[in-house]
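Enquirer: Let me begin by handing over the structure; questions about it come next.
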Amino acid sequence: MSKYYYLVAGLPELTLEDSKLSYTVADFKTEFYPLLSEEDKKLMDLFYLRFDNANVLKLLKDKDAVIDTRGVYSAEELTEYISALKDGDELPDRVFPSYLSTFISEYFNLPAEDERMNEDRLAALYYAYAMKYGNEFISEWFGFNLIINNVLTALTARKFKLDVATLIVGDTEVCEALRTSAARDFGLSGEVEILDQLVKISETEELVEREKKIDQLRWNWMEEATFFDYFTVERLFVFLLQLEMIERWISLDKEKGSQLFRSIIASLKDEVQIPAEFR
C-alpha cells in the first residue's frame, strides 16, 4: 500500500476533548479521498459504508427518504441497487458490497422482522465483511469494536435480566460464549484482555460519562495500533474514525445544551402562576 507522508504530516492533531474542528468527515471525502490509490480507496470505503448501512435501512422503509451524503453511494445508486436486488438480480462485489446485497435480498425474501432485528443483522454482516477484508488492522479494529459492543450489551442484559443470546451481534467464538455461558465472566477472562475495563465501564451510571470512557478506550487502542504505521492508509483510517468521534461529541454537546434550554424554559413556565381567568 502507498505511503502518504505529506498528507498525514498535514493533518491536525486531534484529541477527544476537541470542541472545534477545522474540517469534517465529509470534507475529507471530497478533499483527500481522491488522492488515495484505488486499492486504498476501497479500504477507506469500509469507513464510509457505515453511513450507507443507515441509508439502506432508511430507503427500504421509504424510497424517498433523505439520506446521509457521507456514504459511498448516492440515493439514486442505492435505490437502483435495491430495486435490482428486489427483482432477484445479482450484483458483483466490485459494484456493490456483497454484505449489503445479502442483507437487501434477505429483507425481501424473509418474513417481516422488527427494526432492531434488521439493524442487528446488517451490523453482523458488515462486521463480518470488514473482518475478512484482508487487512490486519481493519480486521482487528472491527473485531475490537464487536467485542466492546457485545460485552457491554451482555453485561447490561444480565443486569436487567434480559435474554442475552438474542441481543448479541456476530458469529465469533466470543459471541458464542456471550450467548451461552452462565459464568460470571462469560468464560472470557483469559480471552478478552479488556474485559475488566468493560466491566468497570458498564458500572458507570452516568450515561454521558460512560460513552466518553468507551470512546477513550477506542481512541487509545487506535493510537497504539498505528504507532509504527504513521504514514500509511491505516493512519488515515484512524484519523477519520477520530474525526467522526469528535464530530459526534460536538453534536451531542449541542443536543445536550438544547435539552437543557428546553428544560429551563419548561421549569420557568411551571413557576409562572397564570391567573385563573386566562387559563
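Quick note on naming: the chains in the C-alpha cells go A, B, ... in the order shown, residues restart at 1 in each chain, and ligands are numbered from 1 in order of appearance.
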Any chance you could list, as an NGL selection string, the residues in segment 36-168 of chain A that come up alpha helix (DSSP H) when DSSP is run on the backbone?
Expert: :A and (38-61 or 75-86 or 98-109 or 115-131 or 136-159)
Enquirer: I'd like the neighbourhood of Leu78 of chain A as a compact mmCIF listing (two decimals) with N, CA and C atoms, in the first residue's frame, where a residue qualifies if any of its atoms comes within 9 Å (using only C-alpha atoms), though same-chain residues fewer than 2 positions away should be ignored.
Expert:
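Writing done, so here's around-v8.txt:
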# COMPACT_ATOMS: atom_id res chain seq x y z
N ASP A 52 -23.75 4.25 4.60
CA ASP A 52 -24.58 3.55 3.62
C ASP A 52 -25.51 2.54 4.32
N ASN A 55 -28.34 4.40 5.51
CA ASN A 55 -29.12 4.86 4.35
C ASN A 55 -29.97 3.75 3.75
N VAL A 56 -29.41 2.56 3.66
CA VAL A 56 -30.15 1.42 3.12
C VAL A 56 -31.38 1.12 3.99
N LEU A 59 -34.00 3.74 3.20
CA LEU A 59 -34.61 3.63 1.88
C LEU A 59 -35.49 2.38 1.73
N TYR A 73 -22.37 5.70 -1.61
CA TYR A 73 -23.33 5.69 -2.72
C TYR A 73 -24.37 6.80 -2.57
N SER A 74 -24.80 7.31 -3.72
CA SER A 74 -25.85 8.32 -3.75
C SER A 74 -27.21 7.66 -3.53
N ALA A 75 -28.21 8.47 -3.27
CA ALA A 75 -29.57 7.95 -3.09
C ALA A 75 -30.03 7.24 -4.37
N GLU A 76 -29.68 7.80 -5.52
CA GLU A 76 -30.08 7.22 -6.79
C GLU A 76 -29.44 5.85 -6.99
N GLU A 80 -31.42 2.26 -7.07
CA GLU A 80 -31.26 1.38 -8.24
C GLU A 80 -30.85 -0.02 -7.81
N TYR A 81 -29.88 -0.12 -6.89
CA TYR A 81 -29.39 -1.42 -6.45
C TYR A 81 -30.45 -2.16 -5.64
N ILE A 82 -31.19 -1.45 -4.82
CA ILE A 82 -32.26 -2.06 -4.04
C ILE A 82 -33.32 -2.63 -4.97
N SER A 83 -33.68 -1.88 -5.99
CA SER A 83 -34.68 -2.32 -6.96
C SER A 83 -34.20 -3.57 -7.70
Enquirer: Could you check which of A:Leu60, A:Val233, A:Leu146, A:Val199 is closest to Glu173 of chain A, using only C-alpha atoms?
Expert: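 Checking each of A:Leu60, A:Val233, A:Leu146, A:Val199 against Glu173 of chain A, counting only C-alpha atoms, the winner is A:Leu146.
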Enquirer: Of the residues A:Thr226, A:Thr156, A:Asn150, A:Ser2, which is the one nearest to Ala177 of chain A, using only C-alpha atoms?
Expert: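 The answer is A:Asn150, which sits nearest to Ala177 of chain A.
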Enquirer: Could you list, with a cut-off of 9 Å and counting only C-alpha atoms, the residues of segment 112-225 of chain A near segment 5-23 of chain A, each shown with its nearest atom pair and the distance in Å rounded to one decimal, rows sorted by chain and ascending number, as CSV?
Expert:
residue,atom,partner,partner_atom,distance
A:Lys212,CA,A:Leu16,CA,8.7
A:Asp215,CA,A:Leu16,CA,8.1
A:Gln216,CA,A:Leu16,CA,7.4
A:Trp219,CA,A:Leu16,CA,7.8
Enquirer: Can you work out the spacing between atom CA of Ala128 of chain A and atom CA of Asn53 of chain A in Å, to one decimal?
Expert: 13.8 Å
Enquirer: Considering only C-alpha atoms, return as number ranges by chain whatever protein or nucleic-acid residues lie within 9 Å of Leu100 of chain A, sequence-local ones (same chain, fewer than 4 positions apart) excluded.
Expert: A: 53, 56, 96, 104-105, 122, 125-126
Enquirer: Please report the interatomic distance between atom CA of Glu205 of chain A and atom CA of Glu115 of chain A in Å with one decimal.
Expert: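 Atom-to-atom, atom CA of Glu205 of chain A and atom CA of Glu115 of chain A are spaced 27.1 Å apart.
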Enquirer: Quick one: of A:Glu31, A:Leu167, A:Ile148, A:Val95, who's nearest to Val192 of chain A, counting only C-alpha atoms?
Expert: A:Ile148
Enquirer: I want to know what sits within 10 Å of Glu119 of chain A, based on only C-alpha atoms, with residues of the same chain fewer than 5 positions away left out; could you give that as a list in words?
Expert: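 Selected residues are Asn53, Ala54, Leu57, Asp114, Ala124 and Val169 of chain A.
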